[in-house]
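Engineer: run05.cif is the file, holding mmCIF, C-alpha atoms:
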data_query
loop_
_atom_site.label_atom_id
_atom_site.label_comp_id
_atom_site.auth_asym_id
_atom_site.auth_seq_id
_atom_site.Cartn_x
_atom_site.Cartn_y
_atom_site.Cartn_z
CA MET A 28 18.42 -16.11 -16.78
CA ILE A 29 14.67 -15.56 -16.40
CA THR A 30 13.09 -16.72 -13.14
CA ARG A 31 9.35 -17.14 -12.63
CA VAL A 32 8.20 -16.17 -9.14
CA ALA A 33 4.97 -15.64 -7.21
CA ALA A 34 4.64 -12.89 -4.62
CA ILE A 35 1.68 -12.30 -2.30
CA ASP A 36 1.24 -9.18 -0.18
CA CYS A 37 -1.37 -9.43 2.55
CA GLY A 38 -2.09 -6.08 4.16
CA THR A 39 -4.78 -4.62 6.36
CA ASN A 40 -7.14 -3.81 3.52
CA SER A 41 -6.22 -6.03 0.58
CA VAL A 42 -4.45 -9.21 -0.47
CA ARG A 43 -2.58 -9.10 -3.77
CA LEU A 44 -0.86 -11.58 -6.07
CA LEU A 45 1.92 -11.07 -8.59
CA ILE A 46 3.23 -13.90 -10.76
CA ALA A 47 6.04 -12.59 -12.91
CA ASP A 48 9.02 -13.52 -15.04
CA ILE A 49 12.10 -11.63 -13.86
CA ASP A 50 15.34 -11.08 -15.77
CA PRO A 51 17.78 -9.65 -13.18
CA GLY A 52 20.43 -9.00 -15.82
CA ARG A 53 18.12 -6.60 -17.66
CA SER A 54 16.37 -5.31 -14.52
CA GLN A 55 13.14 -6.38 -16.18
CA LEU A 56 9.97 -7.68 -14.52
CA THR A 57 7.19 -8.98 -16.78
CA ASP A 58 3.74 -9.51 -15.29
CA LEU A 59 1.99 -12.78 -15.96
CA ARG A 60 -0.75 -12.25 -13.39
CA ARG A 61 -1.44 -9.31 -11.08
CA GLU A 62 -4.56 -9.53 -8.91
CA MET A 63 -6.06 -7.69 -5.94
CA ARG A 64 -8.92 -8.55 -3.60
CA ILE A 65 -10.23 -6.19 -0.91
CA VAL A 66 -10.61 -8.49 2.11
CA ARG A 67 -10.35 -6.09 5.08
CA LEU A 68 -8.26 -8.53 7.11
CA GLY A 69 -7.57 -5.79 9.65
CA GLU A 70 -11.21 -4.81 10.14
CA GLY A 71 -11.66 -3.96 13.82
CA VAL A 72 -8.13 -4.98 14.88
CA ASP A 73 -7.41 -1.49 16.20
CA GLN A 74 -10.29 -1.91 18.69
CA THR A 75 -10.38 -5.67 19.43
CA GLY A 76 -6.77 -6.74 18.97
CA CYS A 77 -7.89 -9.81 16.98
CA LEU A 78 -8.54 -10.82 13.38
CA SER A 79 -12.27 -11.51 13.06
CA PRO A 80 -13.59 -14.87 11.78
CA ALA A 81 -15.33 -13.12 8.87
CA ALA A 82 -12.13 -11.29 7.87
CA LEU A 83 -10.14 -14.52 8.03
CA ASP A 84 -12.73 -16.30 5.86
CA ARG A 85 -12.63 -13.51 3.23
CA THR A 86 -8.85 -13.67 3.13
CA MET A 87 -8.70 -17.45 2.80
CA ALA A 88 -11.22 -17.34 -0.06
CA ALA A 89 -8.96 -14.92 -1.96
CA LEU A 90 -5.88 -17.02 -1.23
CA GLY A 91 -7.68 -20.10 -2.55
CA GLU A 92 -8.12 -18.33 -5.89
CA TYR A 93 -4.47 -17.33 -5.88
CA ALA A 94 -3.34 -20.88 -5.08
CA ALA A 95 -5.12 -22.08 -8.23
CA GLU A 96 -3.26 -19.50 -10.34
CA ILE A 97 0.06 -20.48 -8.79
CA ARG A 98 -0.56 -24.15 -9.62
CA ARG A 99 -1.45 -23.20 -13.19
CA LEU A 100 1.59 -21.00 -13.89
CA MET A 101 4.11 -23.03 -11.83
CA PRO A 102 6.56 -20.42 -10.47
CA SER A 103 9.86 -21.70 -9.09
CA ALA A 104 9.47 -19.77 -5.83
CA VAL A 105 6.55 -18.44 -3.79
CA ARG A 106 6.65 -15.95 -0.92
CA MET A 107 3.80 -14.42 1.03
CA VAL A 108 4.41 -11.38 3.21
CA ALA A 109 1.88 -10.27 5.81
CA THR A 110 2.07 -6.78 7.24
CA SER A 111 0.33 -4.43 9.67
CA ALA A 112 -2.87 -6.26 10.63
CA THR A 113 -1.15 -9.54 11.47
CA ARG A 114 1.60 -7.78 13.41
CA ASP A 115 -1.06 -6.24 15.63
CA ALA A 116 -3.37 -9.26 16.07
CA GLU A 117 -3.40 -11.55 19.10
CA ASN A 118 -4.62 -14.51 17.03
CA SER A 119 -1.95 -14.28 14.31
CA GLN A 120 -1.09 -17.97 14.79
CA GLU A 121 -4.56 -18.97 13.58
CA PHE A 122 -3.99 -16.83 10.51
CA THR A 123 -0.61 -18.48 9.85
CA SER A 124 -2.02 -22.01 10.17
CA ARG A 125 -4.92 -21.34 7.82
CA VAL A 126 -2.71 -19.69 5.21
CA LYS A 127 -0.34 -22.67 5.18
CA GLU A 128 -3.28 -25.00 4.72
CA VAL A 129 -4.68 -23.03 1.76
CA LEU A 130 -1.50 -21.82 0.06
CA GLY A 131 1.05 -24.47 0.98
CA VAL A 132 3.55 -21.93 2.37
CA ALA A 133 3.48 -20.02 5.63
CA PRO A 134 3.19 -16.23 5.57
CA GLU A 135 6.13 -14.18 6.78
CA VAL A 136 4.94 -11.55 9.21
CA VAL A 137 7.57 -8.90 8.51
CA THR A 138 8.58 -5.97 10.65
CA GLY A 139 7.63 -2.46 9.63
CA ASP A 140 11.22 -1.73 8.65
CA GLU A 141 11.42 -4.80 6.40
CA GLU A 142 8.08 -3.84 4.86
CA ALA A 143 9.53 -0.41 4.13
CA ARG A 144 12.64 -1.83 2.45
CA LEU A 145 10.61 -4.16 0.25
CA SER A 146 8.43 -1.23 -0.80
CA PHE A 147 11.50 0.83 -1.68
CA THR A 148 12.94 -1.94 -3.86
CA GLY A 149 9.67 -2.43 -5.73
CA ALA A 150 9.12 1.28 -6.28
CA THR A 151 12.58 2.33 -7.41
CA ALA A 152 13.84 -0.59 -9.52
CA GLU A 153 12.69 1.22 -12.67
CA LEU A 154 13.69 4.77 -11.70
CA ALA A 155 17.39 4.78 -12.58
CA GLY A 156 16.88 7.75 -14.90
CA LEU A 157 15.26 9.98 -12.30
CA ALA A 158 16.95 12.25 -9.80
CA GLY A 159 17.36 10.77 -6.34
CA PRO A 160 17.44 10.40 -3.45
CA PHE A 161 13.83 9.21 -3.20
CA LEU A 162 11.35 9.30 -0.35
CA VAL A 163 9.06 6.33 -0.94
CA THR A 164 5.76 6.34 0.93
CA ASP A 165 3.52 3.27 0.98
CA ILE A 166 0.11 4.16 2.44
CA GLY A 167 -1.50 0.94 3.59
CA GLY A 168 -4.62 0.14 5.54
CA GLY A 169 -3.06 -0.04 8.99
CA SER A 170 0.34 1.58 8.60
CA THR A 171 2.35 3.84 6.33
CA GLU A 172 5.95 3.11 5.40
CA LEU A 173 8.41 5.92 4.73
CA VAL A 174 11.76 5.04 3.18
CA LEU A 175 14.60 7.40 2.24
CA GLY A 176 17.18 6.02 -0.16
CA ASP A 177 18.97 6.13 -3.48
CA ALA A 178 20.72 3.82 -5.94
CA ASP A 179 23.13 2.73 -3.21
CA GLY A 180 20.31 1.54 -0.95
CA VAL A 181 18.15 2.61 1.96
CA ARG A 182 19.34 5.48 4.16
CA GLY A 183 16.49 5.43 6.65
CA ALA A 184 13.10 3.76 7.07
CA ARG A 185 10.15 4.15 9.41
CA SER A 186 6.80 2.43 9.69
CA VAL A 187 4.11 4.51 11.42
CA ASN A 188 0.67 3.35 12.54
CA ILE A 189 -1.35 5.63 10.28
CA GLY A 190 -3.23 3.97 7.44
CA CYS A 191 -6.46 4.59 5.56
CA VAL A 192 -8.43 1.93 7.44
CA ARG A 193 -6.95 2.78 10.84
CA MET A 194 -7.62 6.51 10.43
CA THR A 195 -11.18 5.85 9.24
CA GLU A 196 -12.00 3.49 12.10
CA ARG A 197 -10.28 5.69 14.68
CA HIS A 198 -11.55 9.12 13.63
CA LEU A 199 -13.68 9.42 10.46
CA HIS A 200 -16.93 7.95 11.76
CA ASP A 201 -19.64 10.09 10.17
CA ASP A 202 -20.75 10.04 6.52
CA PRO A 203 -19.26 12.41 5.53
CA PRO A 204 -16.89 12.93 8.49
CA SER A 205 -17.29 16.10 10.51
CA ALA A 206 -14.73 18.90 10.56
CA ALA A 207 -13.78 17.90 14.12
CA GLN A 208 -13.18 14.29 13.02
CA VAL A 209 -11.00 15.41 10.11
CA ALA A 210 -9.05 17.67 12.46
CA ALA A 211 -8.49 14.80 14.89
CA ALA A 212 -7.25 12.54 12.07
CA THR A 213 -4.98 15.32 10.81
CA ALA A 214 -3.45 15.79 14.26
CA ASP A 215 -2.90 12.04 14.59
CA ILE A 216 -1.19 11.85 11.19
CA ASP A 217 0.95 14.93 11.83
CA ALA A 218 2.17 13.56 15.17
CA ALA A 219 3.22 10.28 13.55
CA LEU A 220 5.03 12.07 10.72
CA GLU A 221 6.83 14.33 13.17
CA ASP A 222 8.01 11.25 15.04
CA ALA A 223 9.40 9.80 11.80
CA ALA A 224 10.98 13.00 10.52
CA ASP A 225 14.38 12.52 12.18
CA THR A 226 14.81 9.28 10.24
CA VAL A 227 13.48 10.12 6.79
CA ALA A 228 13.40 13.91 6.37
CA GLY A 229 15.91 15.81 4.28
CA GLY A 230 17.71 15.23 1.03
CA ALA A 231 15.04 13.58 -1.10
CA SER A 232 14.44 15.05 -4.56
CA THR A 233 11.46 12.89 -5.52
CA LEU A 234 8.45 11.66 -3.54
CA VAL A 235 7.23 8.29 -4.82
CA GLY A 236 3.74 7.31 -3.64
CA LEU A 237 2.56 3.70 -3.53
CA ALA A 238 -0.62 1.69 -2.99
CA GLY A 239 -4.30 2.20 -3.68
CA SER A 240 -4.85 5.51 -1.91
CA VAL A 241 -2.14 7.19 -3.97
CA THR A 242 -3.05 5.60 -7.30
CA THR A 243 -6.74 6.41 -6.78
CA VAL A 244 -5.91 10.06 -6.08
CA ALA A 245 -3.74 10.06 -9.21
CA GLY A 246 -6.59 8.61 -11.28
CA ILE A 247 -8.92 11.34 -10.01
CA ALA A 248 -6.32 14.02 -10.78
CA LEU A 249 -5.97 12.67 -14.32
CA GLY A 250 -9.75 12.82 -14.78
CA LEU A 251 -9.99 9.15 -15.75
CA ALA A 252 -13.43 7.71 -16.38
CA GLU A 253 -12.22 4.32 -15.15
CA TYR A 254 -9.12 2.90 -13.52
CA ASP A 255 -6.20 2.67 -15.97
CA SER A 256 -2.99 1.44 -14.36
CA GLY A 257 -0.95 2.20 -17.49
CA ARG A 258 -1.83 5.90 -17.35
CA ILE A 259 -1.56 6.13 -13.57
CA HIS A 260 1.86 4.45 -13.30
CA HIS A 261 4.55 7.16 -13.03
CA SER A 262 2.06 10.01 -13.40
CA ARG A 263 2.76 13.14 -11.37
CA VAL A 264 0.25 14.94 -9.16
CA SER A 265 0.91 18.38 -7.68
CA ALA A 266 0.63 19.09 -3.95
CA ALA A 267 -2.17 21.57 -4.68
CA ALA A 268 -4.15 18.91 -6.56
CA VAL A 269 -3.65 16.35 -3.78
CA HIS A 270 -4.84 18.86 -1.18
CA GLU A 271 -7.94 19.74 -3.22
CA ILE A 272 -8.82 16.09 -3.91
CA ALA A 273 -8.37 15.09 -0.26
CA ALA A 274 -10.66 17.90 0.89
CA ARG A 275 -13.24 16.99 -1.74
CA LEU A 276 -13.22 13.29 -0.84
CA LEU A 277 -13.59 14.03 2.87
CA ALA A 278 -16.61 16.24 2.14
CA MET A 279 -18.37 13.51 0.13
CA THR A 280 -20.64 10.75 1.35
CA ARG A 281 -19.54 7.16 0.85
CA ALA A 282 -22.09 6.79 -1.96
CA GLN A 283 -20.68 9.84 -3.74
CA ARG A 284 -17.13 8.50 -3.47
CA ALA A 285 -18.22 5.08 -4.75
CA ALA A 286 -19.63 6.75 -7.88
CA ILE A 287 -16.20 8.08 -8.92
CA GLY A 288 -15.09 6.17 -12.02
CA VAL A 289 -11.62 5.14 -10.80
CA MET A 290 -12.83 4.08 -7.33
CA HIS A 291 -12.53 0.42 -6.34
CA PRO A 292 -15.75 -0.54 -4.51
CA GLY A 293 -13.79 -1.70 -1.47
CA ARG A 294 -11.91 1.58 -1.15
CA ALA A 295 -14.77 4.08 -1.15
CA ASP A 296 -15.18 4.24 2.63
CA VAL A 297 -11.46 4.66 3.43
CA ILE A 298 -10.11 6.75 0.53
CA GLY A 299 -10.67 10.02 2.41
CA GLY A 300 -8.30 8.90 5.15
CA GLY A 301 -5.72 7.71 2.63
CA ALA A 302 -5.81 10.94 0.64
CA LEU A 303 -5.46 12.94 3.86
CA ILE A 304 -2.33 10.96 4.79
CA LEU A 305 -0.77 11.70 1.39
CA ASP A 306 -1.66 15.39 1.71
CA ARG A 307 -0.06 15.64 5.17
CA ILE A 308 3.11 13.84 4.01
CA MET A 309 3.54 16.33 1.17
CA THR A 310 2.90 19.23 3.52
CA ARG A 311 5.26 18.01 6.25
CA PHE A 312 8.17 17.21 3.95
CA GLY A 313 7.63 20.01 1.43
CA PHE A 314 7.22 18.10 -1.81
CA PRO A 315 5.66 20.02 -4.73
CA GLU A 316 4.44 16.81 -6.40
CA VAL A 317 4.19 13.05 -5.98
CA LEU A 318 5.17 10.42 -8.53
CA ALA A 319 2.50 7.69 -8.38
CA SER A 320 3.74 4.14 -8.79
CA GLU A 321 1.82 0.93 -9.44
CA HIS A 322 4.92 -1.03 -8.38
CA ASP A 323 5.41 -1.41 -4.66
CA ILE A 324 6.04 -3.99 -1.93
CA LEU A 325 4.56 -6.73 -4.13
CA ASP A 326 7.23 -6.09 -6.77
CA GLY A 327 9.87 -5.83 -4.04
CA ILE A 328 8.94 -9.32 -2.82
CA ALA A 329 9.22 -10.63 -6.40
CA TRP A 330 12.62 -9.01 -7.00
CA GLY A 331 13.88 -10.54 -3.77
CA LEU A 332 12.82 -14.03 -4.89
CA ALA A 333 14.73 -13.58 -8.15
CA GLY A 334 17.89 -12.57 -6.32
#
Would it be possible to restate this file's structure as structure tokens?
Structural biologist:
Amino acid sequence: MITRVAAIDCGTNSVRLLIADIDPGRSQLTDLRREMRIVRLGEGVDQTGCLSPAALDRTMAALGEYAAEIRRLMPSAVRMVATSATRDAENSQEFTSRVKEVLGVAPEVVTGDEEARLSFTGATAELAGLAGPFLVTDIGGGSTELVLGDADGVRGARSVNIGCVRMTERHLHDDPPSAAQVAAATADIDAALEDAADTVAGGASTLVGLAGSVTTVAGIALGLAEYDSGRIHHSRVSAAAVHEIAARLLAMTRAQRAAIGVMHPGRADVIGGGALILDRIMTRFGFPEVLASEHDILDGIAWGLAG
């Protein structure tokens, strides 16, 4: 039986919508609408502890557009998951109230571990033919989720407070960032990964990388003139290529990064931090390549709604 569902993922950097028809019996998810808006909900949260009025307004504007699509396509179930920025913010109740007013449903502010499990489900539902276990890494704006698992489920999951926005705001201040700033970000990332290693290290055959930082790096590695999700999805990028691209992005100015064909305009200032996180994950856990996936927590939310 096919079920039509709507999933919304609201992270630190972006808010995304997926309306899909799901056939659980065939393990098949068919997109009807997949949208992303860069809203920077978590802008400044690391310093102030609060969601700013401007960030809230940007987010509600995007959700208003999504609400119109949901009314048009009439899914049987809607779920919105909010992640790192709203977990950290002191005024999260204001966010919840405004979302309910615009969307008609309240957001679920999930724990880091639940975020990790949703990401794993979304990323691996189509990978039955590949060798597991998998280490799934979802590099967000405020946090990064690391999930070790296989066809039988999740073995271990950790959410660590390293994300492309957080690392940029915390360390990568200059344009381009200085060597000292990059070194400080690297040390911060490495410490967080070391803390997570007891839970997620060991046994994984395949690294699956999710979210915009990973897919942008993959697009650059493929030499694409513009973003092409079909070519990026399930492409493989070597550790050497990731390291070279991360170093190149960190040496560029924001204007130079924005001129790259696959670059989303809202990602140009934080992609260096995201690429560095991916590079350090591959170094710490010894993966020779990463499998880039366009399917992530958003798809995991949708699969959950379809049972």
Engineer: Which residues are close to A:Thr233, i.e. within 9 Å by all atoms listed in the file, leaving aside same-chain residues fewer than 2 positions away? Reply as an MDAnalysis selection string.
Structural biologist: chainID A and resid 157:163 231 235 314 316:318
Engineer: How many Å separate atom CA of A:Ala211 from atom CA of A:Cys37?
Structural biologist: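 Separation between atom CA of A:Ala211 and atom CA of A:Cys37: 28.1 Å.
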Engineer: Could you work out how far atom CA of A:Val244 lies from atom CA of A:Leu175, giving the answer in Å with one decimal?
Structural biologist: 22.3 Å
Engineer: Residues at most 9 Å from stretch 296-298 of chain A, counting all atoms listed in the file, excluding those fewer than 5 positions away in the same chain, as a count of residues only?
Structural biologist: 23
Engineer: May I ask which of the residues A:Ala329, A:Leu234, A:Ile272, A:Ile247 is the closest one to A:Ala33, counting only C-alpha atoms?
Structural biologist: A:Ala329
Engineer: Would you be able to write out as a VMD selection string which residues have an atom within 9 Å of (-5.4, -1.1, 4.9) in the file's coordinates, counting all atoms listed in the file?
Structural biologist: chain A and resid 38 to 41 67 to 70 111 to 112 166 to 170 190 to 193 297
Engineer: Please report the interatomic distance between atom CA of A:Ala104 and atom CA of A:Leu44 in Å with one decimal.
Structural biologist: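 Straight-line distance from atom CA of A:Ala104 to atom CA of A:Leu44 works out to 13.2 Å.
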Engineer: For this file, the PyMOL selection byres ((chain A and resi 140) around 10) selects which residues, as a ChimeraX atom specification?
Structural biologist: /A:137-139,141-146,172-174,183-187
Engineer: Ranking A:His200, A:Val66, A:Ala238, A:Gly331 by minimum distance to A:Ala81 and counting all atoms listed in the file, which one comes first?
Structural biologist: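 Answer, going by the shortest atom-to-atom distance: A:Val66.
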Engineer: Run the PyMOL selection byres ((chain A and resi 265-267) around 12) against the file shown and list the residues it catches, as an mmCIF file with C-alpha atoms, in the coordinates of the input.
Structural biologist:
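Wrote it out as result.cif, contents follow:
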data_model
loop_
_atom_site.group_PDB
_atom_site.id
_atom_site.type_symbol
_atom_site.label_atom_id
_atom_site.label_comp_id
_atom_site.auth_asym_id
_atom_site.auth_seq_id
_atom_site.Cartn_x
_atom_site.Cartn_y
_atom_site.Cartn_z
ATOM 1 C CA LEU A 234 8.450 11.660 -3.540
ATOM 2 C CA VAL A 244 -5.910 10.060 -6.080
ATOM 3 C CA ALA A 245 -3.740 10.060 -9.210
ATOM 4 C CA ALA A 248 -6.320 14.020 -10.780
ATOM 5 C CA LEU A 249 -5.970 12.670 -14.320
ATOM 6 C CA SER A 262 2.060 10.010 -13.400
ATOM 7 C CA ARG A 263 2.760 13.140 -11.370
ATOM 8 C CA VAL A 264 0.250 14.940 -9.160
ATOM 9 C CA ALA A 268 -4.150 18.910 -6.560
ATOM 10 C CA VAL A 269 -3.650 16.350 -3.780
ATOM 11 C CA HIS A 270 -4.840 18.860 -1.180
ATOM 12 C CA GLU A 271 -7.940 19.740 -3.220
ATOM 13 C CA ILE A 272 -8.820 16.090 -3.910
ATOM 14 C CA ALA A 273 -8.370 15.090 -0.260
ATOM 15 C CA ALA A 274 -10.660 17.900 0.890
ATOM 16 C CA ALA A 302 -5.810 10.940 0.640
ATOM 17 C CA LEU A 303 -5.460 12.940 3.860
ATOM 18 C CA LEU A 305 -0.770 11.700 1.390
ATOM 19 C CA ASP A 306 -1.660 15.390 1.710
ATOM 20 C CA ARG A 307 -0.060 15.640 5.170
ATOM 21 C CA ILE A 308 3.110 13.840 4.010
ATOM 22 C CA MET A 309 3.540 16.330 1.170
ATOM 23 C CA THR A 310 2.900 19.230 3.520
ATOM 24 C CA ARG A 311 5.260 18.010 6.250
ATOM 25 C CA PHE A 312 8.170 17.210 3.950
ATOM 26 C CA GLY A 313 7.630 20.010 1.430
ATOM 27 C CA PHE A 314 7.220 18.100 -1.810
ATOM 28 C CA PRO A 315 5.660 20.020 -4.730
ATOM 29 C CA GLU A 316 4.440 16.810 -6.400
ATOM 30 C CA VAL A 317 4.190 13.050 -5.980
ATOM 31 C CA LEU A 318 5.170 10.420 -8.530
ATOM 32 C CA ALA A 319 2.500 7.690 -8.380
#
Engineer: Counting only C-alpha atoms, which residue out of A:Thr123, A:Ser232, A:Thr148, A:Thr213 sits closest to A:Thr86?
Structural biologist: A:Thr123
Engineer: Step by step: start from the point (5.2, -29.2, -6.7) in the file's coordinates, keep every protein, DNA or RNA residue that has an atom no farther than 10 Å from it, count all atoms listed in the file, and write the set as a ChimeraX atom specification.
Structural biologist: /A:98,101-103,131
Engineer: Given the file above and the PyMOL selection byres ((chain A and resi 53-63) around 9), which residues are selected, and can you give them as a PyMOL selection string?
Structural biologist: chain A and resi 41-52+64-65+89+93+96+100+152-153+326+329-330
Engineer: Using only C-alpha atoms, pick whichever of A:Ser256, A:Pro203, A:Leu220, A:Phe147 has the shortest atom-to-atom distance to A:Val181.
Structural biologist: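 Result for the nearest residue to A:Val181: A:Phe147.
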Engineer: Could you check which of A:Glu117, A:Asp217, A:Asp201, A:Asp225 is closest to A:Cys77, using all atoms listed in the file?
Structural biologist: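 That would be A:Glu117, the residue with the smallest distance to A:Cys77.
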Engineer: Determine the nearest neighbour of A:Arg275 from the options A:Ala223, A:Ile287, A:Ala133, A:Thr30, counting all atoms listed in the file.
Structural biologist: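 For A:Arg275, the nearest of the candidates is A:Ile287.
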Engineer: Would you mind exporting stretch 147-173 of chain A with N, CA and C atoms, as an mmCIF file, in the first residue's frame?
Structural biologist:
data_model
loop_
_atom_site.group_PDB
_atom_site.id
_atom_site.type_symbol
_atom_site.label_atom_id
_atom_site.label_comp_id
_atom_site.auth_asym_id
_atom_site.auth_seq_id
_atom_site.Cartn_x
_atom_site.Cartn_y
_atom_site.Cartn_z
ATOM 1 N N PHE A 147 20.497 7.494 9.728
ATOM 2 C CA PHE A 147 20.922 6.162 9.318
ATOM 3 C C PHE A 147 19.842 5.480 8.476
ATOM 4 N N THR A 148 18.604 5.574 8.921
ATOM 5 C CA THR A 148 17.502 4.961 8.174
ATOM 6 C C THR A 148 17.403 5.549 6.772
ATOM 7 N N GLY A 149 17.438 6.881 6.681
ATOM 8 C CA GLY A 149 17.329 7.526 5.379
ATOM 9 C C GLY A 149 18.472 7.184 4.445
ATOM 10 N N ALA A 150 19.661 7.060 4.994
ATOM 11 C CA ALA A 150 20.849 6.850 4.165
ATOM 12 C C ALA A 150 21.020 5.421 3.695
ATOM 13 N N THR A 151 20.537 4.459 4.462
ATOM 14 C CA THR A 151 20.857 3.060 4.160
ATOM 15 C C THR A 151 19.691 2.254 3.611
ATOM 16 N N ALA A 152 18.507 2.839 3.509
ATOM 17 C CA ALA A 152 17.345 2.082 3.040
ATOM 18 C C ALA A 152 17.563 1.506 1.649
ATOM 19 N N GLU A 153 18.401 2.156 0.841
ATOM 20 C CA GLU A 153 18.626 1.705 -0.540
ATOM 21 C C GLU A 153 19.946 0.954 -0.719
ATOM 22 N N LEU A 154 20.647 0.645 0.346
ATOM 23 C CA LEU A 154 22.004 0.104 0.220
ATOM 24 C C LEU A 154 22.093 -1.383 0.537
ATOM 25 N N ALA A 155 21.016 -2.125 0.323
ATOM 26 C CA ALA A 155 21.018 -3.546 0.668
ATOM 27 C C ALA A 155 22.088 -4.329 -0.090
ATOM 28 N N GLY A 156 22.461 -3.853 -1.274
ATOM 29 C CA GLY A 156 23.441 -4.583 -2.072
ATOM 30 C C GLY A 156 24.885 -4.285 -1.746
ATOM 31 N N LEU A 157 25.125 -3.328 -0.852
ATOM 32 C CA LEU A 157 26.494 -2.944 -0.515
ATOM 33 C C LEU A 157 26.958 -3.599 0.777
ATOM 34 N N ALA A 158 28.271 -3.738 0.887
ATOM 35 C CA ALA A 158 28.842 -4.372 2.077
ATOM 36 C C ALA A 158 28.696 -3.468 3.293
ATOM 37 N N GLY A 159 28.155 -3.993 4.350
ATOM 38 C CA GLY A 159 28.102 -3.309 5.633
ATOM 39 C C GLY A 159 29.096 -3.971 6.564
ATOM 40 N N PRO A 160 29.150 -3.516 7.795
ATOM 41 C CA PRO A 160 28.376 -2.423 8.389
ATOM 42 C C PRO A 160 28.742 -1.064 7.776
ATOM 43 N N PHE A 161 27.877 -0.072 8.045
ATOM 44 C CA PHE A 161 28.068 1.279 7.556
ATOM 45 C C PHE A 161 28.351 2.220 8.721
ATOM 46 N N LEU A 162 29.222 3.208 8.459
ATOM 47 C CA LEU A 162 29.310 4.369 9.340
ATOM 48 C C LEU A 162 28.684 5.518 8.569
ATOM 49 N N VAL A 163 27.551 5.995 9.053
ATOM 50 C CA VAL A 163 26.851 7.105 8.414
ATOM 51 C C VAL A 163 27.213 8.381 9.154
ATOM 52 N N THR A 164 27.658 9.392 8.411
ATOM 53 C CA THR A 164 27.973 10.677 9.020
ATOM 54 C C THR A 164 27.147 11.762 8.360
ATOM 55 N N ASP A 165 26.417 12.504 9.177
ATOM 56 C CA ASP A 165 25.541 13.577 8.714
ATOM 57 C C ASP A 165 26.118 14.885 9.252
ATOM 58 N N ILE A 166 26.771 15.649 8.374
ATOM 59 C CA ILE A 166 27.442 16.889 8.778
ATOM 60 C C ILE A 166 26.450 18.041 8.627
ATOM 61 N N GLY A 167 25.942 18.504 9.743
ATOM 62 C CA GLY A 167 24.976 19.586 9.734
ATOM 63 C C GLY A 167 25.635 20.927 10.003
ATOM 64 N N GLY A 168 24.796 21.921 10.293
ATOM 65 C CA GLY A 168 25.316 23.243 10.590
ATOM 66 C C GLY A 168 25.863 23.356 11.991
ATOM 67 N N GLY A 169 25.148 22.766 12.964
ATOM 68 C CA GLY A 169 25.569 22.883 14.352
ATOM 69 C C GLY A 169 26.196 21.629 14.906
ATOM 70 N N SER A 170 25.793 20.484 14.397
ATOM 71 C CA SER A 170 26.297 19.221 14.931
ATOM 72 C C SER A 170 26.550 18.239 13.799
ATOM 73 N N THR A 171 27.277 17.181 14.132
ATOM 74 C CA THR A 171 27.519 16.088 13.204
ATOM 75 C C THR A 171 27.089 14.794 13.875
ATOM 76 N N GLU A 172 26.301 14.006 13.156
ATOM 77 C CA GLU A 172 25.847 12.719 13.679
ATOM 78 C C GLU A 172 26.690 11.605 13.082
ATOM 79 N N LEU A 173 27.074 10.666 13.928
ATOM 80 C CA LEU A 173 27.850 9.500 13.516
ATOM 81 C C LEU A 173 27.089 8.263 13.971
#
